[in-house]
Amino acid sequence: MPADSPDTSIDLFQSIGLSKSKAAEAAKSTKSATILSNLILAHDLASASDPLGEKRAVLIAALAVQLAKTPNVDDAKQAYIVKAIRDDKIKSVDQVNVATKFLESHSLSVGEAEFNEACGIGFSITADQLDAVVKDYIQSNSVSGWTSLGAAISGVKNIPSLRWANPLEIKNAVERVFTQVFGAKETAKPKAKEPKKETGASTVVDASDNVAAQVSDAQGTKSRKVVFEEGFLGTLYKPGENPQIKPDLRDKHLATTGGRVYTRFPPEPNGYLHVGHCKAIFVDFGYAAHHGGRTYLRFDDTNPEKEEARYFTSIIEVVRWLGFEPWKITYSSDYFDELYELAVELIKRDKAYVCHCSQEQMKADRGEKVAAPRACIHRDRPVEESLAEFQKMKDGFYRPKEAFLRMKQDLTDPNPKMWDLTAYRVLDASHHRTHDKWKIYPTYDYTHCLVDSFESISHSLCTTEFVTSRQSYEWLCDALEVYKPRQSEFGRLNITGTINSKRKILQLVNQGYVTGWDDPRLHTVIALRRRGVPPEAILSFVSTLGVSTAESNIQIGRFDQAIRQFLEGTAPRLLMVLRPLKVTIENLPEDYVLMVEKPLHPKVPALGTSTIPFTRTIYIDADDFRLEDSKDYFRLAPGKTVGLFQAPYPITCTSYKIDPVTGNVTELVCRLEDKGAAKPKTYIQWVAEHAPSGSPVRVDETRIFHPLFKSDNPLAAEPDFMADINPHSMDVVKGAMVEIGFWPLARESVKNALAEARARAEKSKAEGAQQFLDPGTPVVTPEQLVSKECIRFQGLRVAYFCVDVDSRLSALVNPSNPHGIMMNQGDVLVLNRIVSLKEDAGKGA
C-alpha cells in the first residue's frame, strides 16, 4: 500500500537510498509517488540485507515517473525492469525510459535478447570501431576542418548505431580522428571565409526517397537529423510498437505496411491553409520521408455544408507548392460505407445509442463545463431499438438535429471527450462526391481514428489541441477491435500579430479591410505565396524552430527575418529607385551611352550578370538628395560627390531645379568626375534613361505592406479584433523604376520554375503516384504551381520584391522588340514588397 502522507513517503523513499532532497522531489507528484511506494513494498527494495544504493534508487524513482505516463505496463513487466536495475543491466535514466516504452508495446515473451538490444544493455564498441564510424562521418559529410568540430561531435552522437555509446568517448574519438585527418588543432590553418552558399530550391516528388532530401536542403544549416531524430519526433515509437487489443492486429498492420512509417495530412476542405498548417505538412511528410515511409493527403470531407471545390484545389496546390508529393490522395468519404457498417456494429456491441435530445439538453447533461455529466434519457434504450432508429436516420426519416448516434463511453471519466460524443448526425446537404446518397454523416471524433485504422497509419501526428481526443480515439478502436494507430501531439505554430480564424478572415474580406484570402497582409499560405515568400523559406523557418509539445508563439518579426535570411543568398540584386529624381550629367553628350556589366549578386556568381546602360540622363532615389548637407549625411547634396553603384565614375551635384508651386526639387544637374576624383564615401543606386534598350523599366505600382494589426495579440483588443486593425497597413508607390536586367531575370525565373514543376510532375507520374488519384480529385498542373511571384529580386538598398499576380506582362510570353524585352501597350507591372532589408529597414521601402 502507498504511504499515508508526504512525510512518511519521504521516509520510505530515503530508506531505498535516495537523498532527502531527491526523496522530497519524488514525493511531489501524488501519482508517481504512489507508484514508487508500491514498487518499494512489492519488491522489498528497502531491504537492509540487499540495499539498492543511491544510483539504483534514482533509477527506481525514474521508473515510477515513467510508469505514471505509461499505464499499460503491468506488474510482471514492472518486476522485469526492477530486476534489470538491481542486476546493474540498466544503468541510466535513458535506459529506464526506453525499457518502459518497449514493454508497453511488447509482451515478455519477446525475449531477453531483443529487450537488451532495444535498451542498450550489454552495448559495447571498441575505440577502433568508434574511430571508423567517425572517419566515415567526416568523409560522407565533407567535414573540412577543426572549425566543424562541434557540429561533427553532435552529428556523430546522433548516429542511430551509436545510440548507447558513451558521449565522452564519442567526443574523444572525434578529436582523435580530427587530429589524424587535419593535423594538431594548434597548427591547423584557419578556414578561409567562404561566401554564403546558395540555398537551392531543391524539389521533391516521392515521399519515400526524395522529400527528406528537399527538407534537408530547405533547412540550410539545420540538419534534418536534429529535427526528425531528436526531441519530440526522436522519441516516437517504431512502427508496430503501439499496443493493440489483440496481437494479430499488430501483425496484420505490419504485413500491410512492411514495417514502414505511414503518416497522413488530413485537412478539412472548408477553408484556405495558413502558415500553421505548413508546420503540420512539414512534420507529416518530412517524418515519413526521413524514415523511408509514405504519407497520405486525406481530405476530411465529412461536413458537406461547409466544403467547397476551391478549397480542395487550393490544398493540393499548397502541398505541392511546398515541395511535397502525397503517396495517395484520399477522402474520408471513400470509407462512408465501412464507417456506417462499423457504426451498426458499435450499436450491436451496446457501445452506441440513438439520442433525440436537443443540443441544449445535451449541453445540460454534459454539465456545461461546471458540473459532472449525467446520462442521457436514451442511453439505456435497447440495442434493437437503437438499430431501428439509426436505420430511420439513414433513410431520411429525421430532420437535422432531431436524432444523433452517440457513443456510449464513460461518464465517470474526468475527460469530457469520454462523455458520449456524437458519432453521426443528420444533415440535409448534398455531398460533393457521394451527392445525395447519404442523409447522415459521421463526425470527426468518430471518423478520424477509424480512417487512420483503415489506412494503416503508424503515426497519427496532430497538434496538442487534440490531446484530450486521444483517449476517445483509442477507446473507439478498441471498442470495435480494429487496428489502433497511436496519436501523438506536437505544439502548433502561431505567428503573433496575425489571425488564422476562417470566420474572422472572412469578416475582414467582406468588410473590405483586405482584398481577399490571398491579400499579402494575411498569413494564409496563398497570401504568403502572393507576397513572394519562397516555399523553401517557410520550410527553413519551420525546421529551425524544431518540433516539441510546446506551442510555438513566434513574433512576426522573427518570421520575416527567416524569409530575409533565405532571400539574402538566393535573390538577384537589381538597381531600383522607388521615388525617382531626374539627374542630368552636364559634361556628357546627349547621345552618350556606356553598357555596364554588373553581377546579379556579389557573393553568388552562379546567379550571373546583367548589362545596363549608363547615359547622360539617369534617375536616383529622391531620398538620396538633400538641399542642406550635414556632417552625418553622406549622400548627395549641392556641391557634394557620391558614387553610383557599378558606374565608372562618381558624380557631383552642381545645381538643381525646383517646382515653384510645390517647392520640391524636380531635377539635379551633376558633373561626372572622370578626371581622377577621390574615392567617394558612399554609393547610391540609379537607373538610366535609354529608350532603345527599354531602360528604365517603369513600375505602375509598388505595394509596401505593413502589419495588418497594431498589436501582437489582436484577439485581446476591445471590443473585438477589428479595433486593432492598422489603418496604414499598405502604402502604394507609383512610378518606381528598375534596371532593364529585370526582363531577362523575369523570363529566366518563370522558365526555371516551370521546368522544375514539370520535371516533378513527370517523375511523380513515372513512379506511379498518379494511379492512386480518384477520378474526381482536382488536377494541379505544373503551370498552377508557377505564377508571377516566382520573379523575385532585391531592389538594391530598397527591399526584396516580387511581381504581383495583378501584373500583365505580355512581353514575358511573346517579346516583340528586337532590341530587348519591353513593356507593351496595355501591360501593367505591379511589385509587392516581400520583406524590408535588415540593415536598412527604415530606408525607402
# chains A, B, ... in the order shown; residues from 1 in each chain; ligands from 1
>>> select_by_dssp(residues="region 447-547 of chain A", states="helix (DSSP H, G or I)", output="JSON, numbers by chain")
{"A": [447, 448, 449, 450, 451, 452, 453, 454, 464, 465, 466, 469, 470, 471, 472, 473, 474, 475, 476, 477, 478, 479, 480, 502, 503, 504, 505, 506, 507, 508, 509, 510, 525, 526, 527, 528, 529, 530, 531, 535, 536, 537, 538, 539, 540, 541, 542, 543, 544, 545]}
>>> closest_residue(among="A:Ile704, A:Leu18, A:Leu578, A:Ile35", to="Pro51 (chain A)", atoms="only C-alpha atoms")
A:Leu18
>>> residues_around(residues="Asn752 (chain A)", least_positions_apart="2", cutoff="12 Å", atoms="only C-alpha atoms", output="ChimeraX atom specification")
/A:201-202,744-750,754-759,782-783,786-787,790-791
>>> atom_distance(atom1="CA of Thr422 (chain A)", atom2="CA of Leu297 (chain A)")
25.2 Å
>>> residues_around(residues="His43 (chain A)", least_positions_apart="4", cutoff="10 Å", atoms="only C-alpha atoms", output="list in words")
Asn38, Leu39, Ser47, Gln78, Ala79, Val82 and Lys83 of chain A
>>> write_last_selection(atoms="N, CA, C and O atoms", output="PDB file, in the first residue's frame")
ATOM      1  N   ASN A  38       4.518   1.699  -4.117  1.00  0.00           N
ATOM      2  CA  ASN A  38       4.107   0.327  -4.440  1.00  0.00           C
ATOM      3  C   ASN A  38       5.285  -0.510  -4.918  1.00  0.00           C
ATOM      4  O   ASN A  38       5.400  -1.700  -4.579  1.00  0.00           O
ATOM      5  N   LEU A  39       6.178   0.080  -5.715  1.00  0.00           N
ATOM      6  CA  LEU A  39       7.361  -0.652  -6.187  1.00  0.00           C
ATOM      7  C   LEU A  39       8.253  -1.053  -5.025  1.00  0.00           C
ATOM      8  O   LEU A  39       8.765  -2.184  -4.969  1.00  0.00           O
ATOM      9  N   SER A  47      15.105  -3.314   1.691  1.00  0.00           N
ATOM     10  CA  SER A  47      15.746  -4.370   2.481  1.00  0.00           C
ATOM     11  C   SER A  47      17.156  -3.972   2.881  1.00  0.00           C
ATOM     12  O   SER A  47      17.968  -3.572   2.042  1.00  0.00           O
ATOM     13  N   GLN A  78       6.799  -4.623 -14.812  1.00  0.00           N
ATOM     14  CA  GLN A  78       7.471  -3.753 -13.853  1.00  0.00           C
ATOM     15  C   GLN A  78       8.556  -4.530 -13.107  1.00  0.00           C
ATOM     16  O   GLN A  78       9.667  -4.035 -12.898  1.00  0.00           O
ATOM     17  N   ALA A  79       8.212  -5.748 -12.719  1.00  0.00           N
ATOM     18  CA  ALA A  79       9.178  -6.585 -11.993  1.00  0.00           C
ATOM     19  C   ALA A  79      10.404  -6.880 -12.862  1.00  0.00           C
ATOM     20  O   ALA A  79      11.538  -6.926 -12.374  1.00  0.00           O
ATOM     21  N   VAL A  82      12.566  -3.764 -12.821  1.00  0.00           N
ATOM     22  CA  VAL A  82      13.191  -3.614 -11.499  1.00  0.00           C
ATOM     23  C   VAL A  82      14.369  -4.580 -11.358  1.00  0.00           C
ATOM     24  O   VAL A  82      15.447  -4.211 -10.871  1.00  0.00           O
ATOM     25  N   LYS A  83      14.191  -5.822 -11.796  1.00  0.00           N
ATOM     26  CA  LYS A  83      15.276  -6.810 -11.713  1.00  0.00           C
ATOM     27  C   LYS A  83      16.469  -6.377 -12.562  1.00  0.00           C
ATOM     28  O   LYS A  83      17.631  -6.529 -12.152  1.00  0.00           O
TER      29      LYS A  83
END
>>> closest_residue(among="A:Val133, A:Val261, A:Ser148, A:Arg320", to="Gly293 (chain A)", atoms="only C-alpha atoms")
A:Val261
>>> residues_around(residues="Glu590 (chain A)", least_positions_apart="5", cutoff="12 Å", atoms="only C-alpha atoms", output="PyMOL selection string")
chain A and resi 584-585+614-617+689-690
>>> write_last_selection(atoms="all heavy atoms", output="mmCIF file, in the first residue's frame")
data_model
loop_
_atom_site.group_PDB
_atom_site.id
_atom_site.type_symbol
_atom_site.label_atom_id
_atom_site.label_comp_id
_atom_site.auth_asym_id
_atom_site.auth_seq_id
_atom_site.Cartn_x
_atom_site.Cartn_y
_atom_site.Cartn_z
ATOM 1 N N THR A 584 20.644 65.078 -64.671
ATOM 2 C CA THR A 584 21.282 65.319 -65.962
ATOM 3 C C THR A 584 22.773 65.518 -65.733
ATOM 4 O O THR A 584 23.177 66.382 -64.935
ATOM 5 C CB THR A 584 20.691 66.559 -66.648
ATOM 6 O OG1 THR A 584 19.290 66.351 -66.866
ATOM 7 C CG2 THR A 584 21.377 66.809 -67.993
ATOM 8 N N ILE A 585 23.589 64.704 -66.403
ATOM 9 C CA ILE A 585 25.044 64.806 -66.245
ATOM 10 C C ILE A 585 25.552 65.753 -67.329
ATOM 11 O O ILE A 585 25.628 65.408 -68.519
ATOM 12 C CB ILE A 585 25.695 63.411 -66.348
ATOM 13 C CG1 ILE A 585 25.082 62.472 -65.281
ATOM 14 C CG2 ILE A 585 27.207 63.509 -66.159
ATOM 15 C CD1 ILE A 585 25.584 61.054 -65.335
ATOM 16 N N PHE A 614 24.456 53.214 -69.173
ATOM 17 C CA PHE A 614 24.769 54.410 -68.386
ATOM 18 C C PHE A 614 24.775 55.575 -69.379
ATOM 19 O O PHE A 614 25.525 55.557 -70.367
ATOM 20 C CB PHE A 614 26.125 54.273 -67.696
ATOM 21 C CG PHE A 614 26.516 55.483 -66.887
ATOM 22 C CD1 PHE A 614 25.850 55.776 -65.709
ATOM 23 C CD2 PHE A 614 27.532 56.335 -67.315
ATOM 24 C CE1 PHE A 614 26.198 56.895 -64.953
ATOM 25 C CE2 PHE A 614 27.887 57.446 -66.570
ATOM 26 C CZ PHE A 614 27.217 57.725 -65.387
ATOM 27 N N THR A 615 23.921 56.575 -69.145
ATOM 28 C CA THR A 615 23.728 57.649 -70.124
ATOM 29 C C THR A 615 23.781 59.018 -69.456
ATOM 30 O O THR A 615 23.993 59.138 -68.248
ATOM 31 C CB THR A 615 22.358 57.483 -70.824
ATOM 32 O OG1 THR A 615 21.321 57.637 -69.847
ATOM 33 C CG2 THR A 615 22.241 56.128 -71.498
ATOM 34 N N ARG A 616 23.522 60.037 -70.273
ATOM 35 C CA ARG A 616 23.538 61.422 -69.776
ATOM 36 C C ARG A 616 22.410 61.663 -68.774
ATOM 37 O O ARG A 616 22.587 62.406 -67.799
ATOM 38 C CB ARG A 616 23.382 62.386 -70.970
ATOM 39 C CG ARG A 616 23.225 63.855 -70.589
ATOM 40 C CD ARG A 616 23.041 64.704 -71.854
ATOM 41 N NE ARG A 616 22.607 66.063 -71.537
ATOM 42 C CZ ARG A 616 23.435 67.073 -71.263
ATOM 43 N NH1 ARG A 616 24.742 66.872 -71.259
ATOM 44 N NH2 ARG A 616 22.968 68.287 -71.003
ATOM 45 N N THR A 617 21.268 60.980 -68.976
ATOM 46 C CA THR A 617 20.131 61.166 -68.073
ATOM 47 C C THR A 617 19.944 59.907 -67.231
ATOM 48 O O THR A 617 19.731 58.809 -67.772
ATOM 49 C CB THR A 617 18.841 61.449 -68.851
ATOM 50 O OG1 THR A 617 19.020 62.627 -69.642
ATOM 51 C CG2 THR A 617 17.669 61.638 -67.908
ATOM 52 N N GLU A 689 18.091 56.535 -68.355
ATOM 53 C CA GLU A 689 17.103 56.729 -69.415
ATOM 54 C C GLU A 689 17.765 56.328 -70.736
ATOM 55 O O GLU A 689 18.757 56.931 -71.163
ATOM 56 C CB GLU A 689 16.679 58.201 -69.474
ATOM 57 C CG GLU A 689 15.598 58.494 -70.502
ATOM 58 C CD GLU A 689 14.211 58.096 -70.023
ATOM 59 O OE1 GLU A 689 13.830 58.528 -68.907
ATOM 60 O OE2 GLU A 689 13.528 57.346 -70.740
ATOM 61 N N HIS A 690 17.218 55.279 -71.396
ATOM 62 C CA HIS A 690 17.784 54.822 -72.669
ATOM 63 C C HIS A 690 16.702 54.057 -73.415
ATOM 64 O O HIS A 690 16.516 52.847 -73.233
ATOM 65 C CB HIS A 690 19.009 53.932 -72.436
ATOM 66 C CG HIS A 690 19.703 53.532 -73.695
ATOM 67 N ND1 HIS A 690 19.812 52.219 -74.094
ATOM 68 C CD2 HIS A 690 20.336 54.283 -74.652
ATOM 69 C CE1 HIS A 690 20.482 52.161 -75.244
ATOM 70 N NE2 HIS A 690 20.823 53.400 -75.600
#
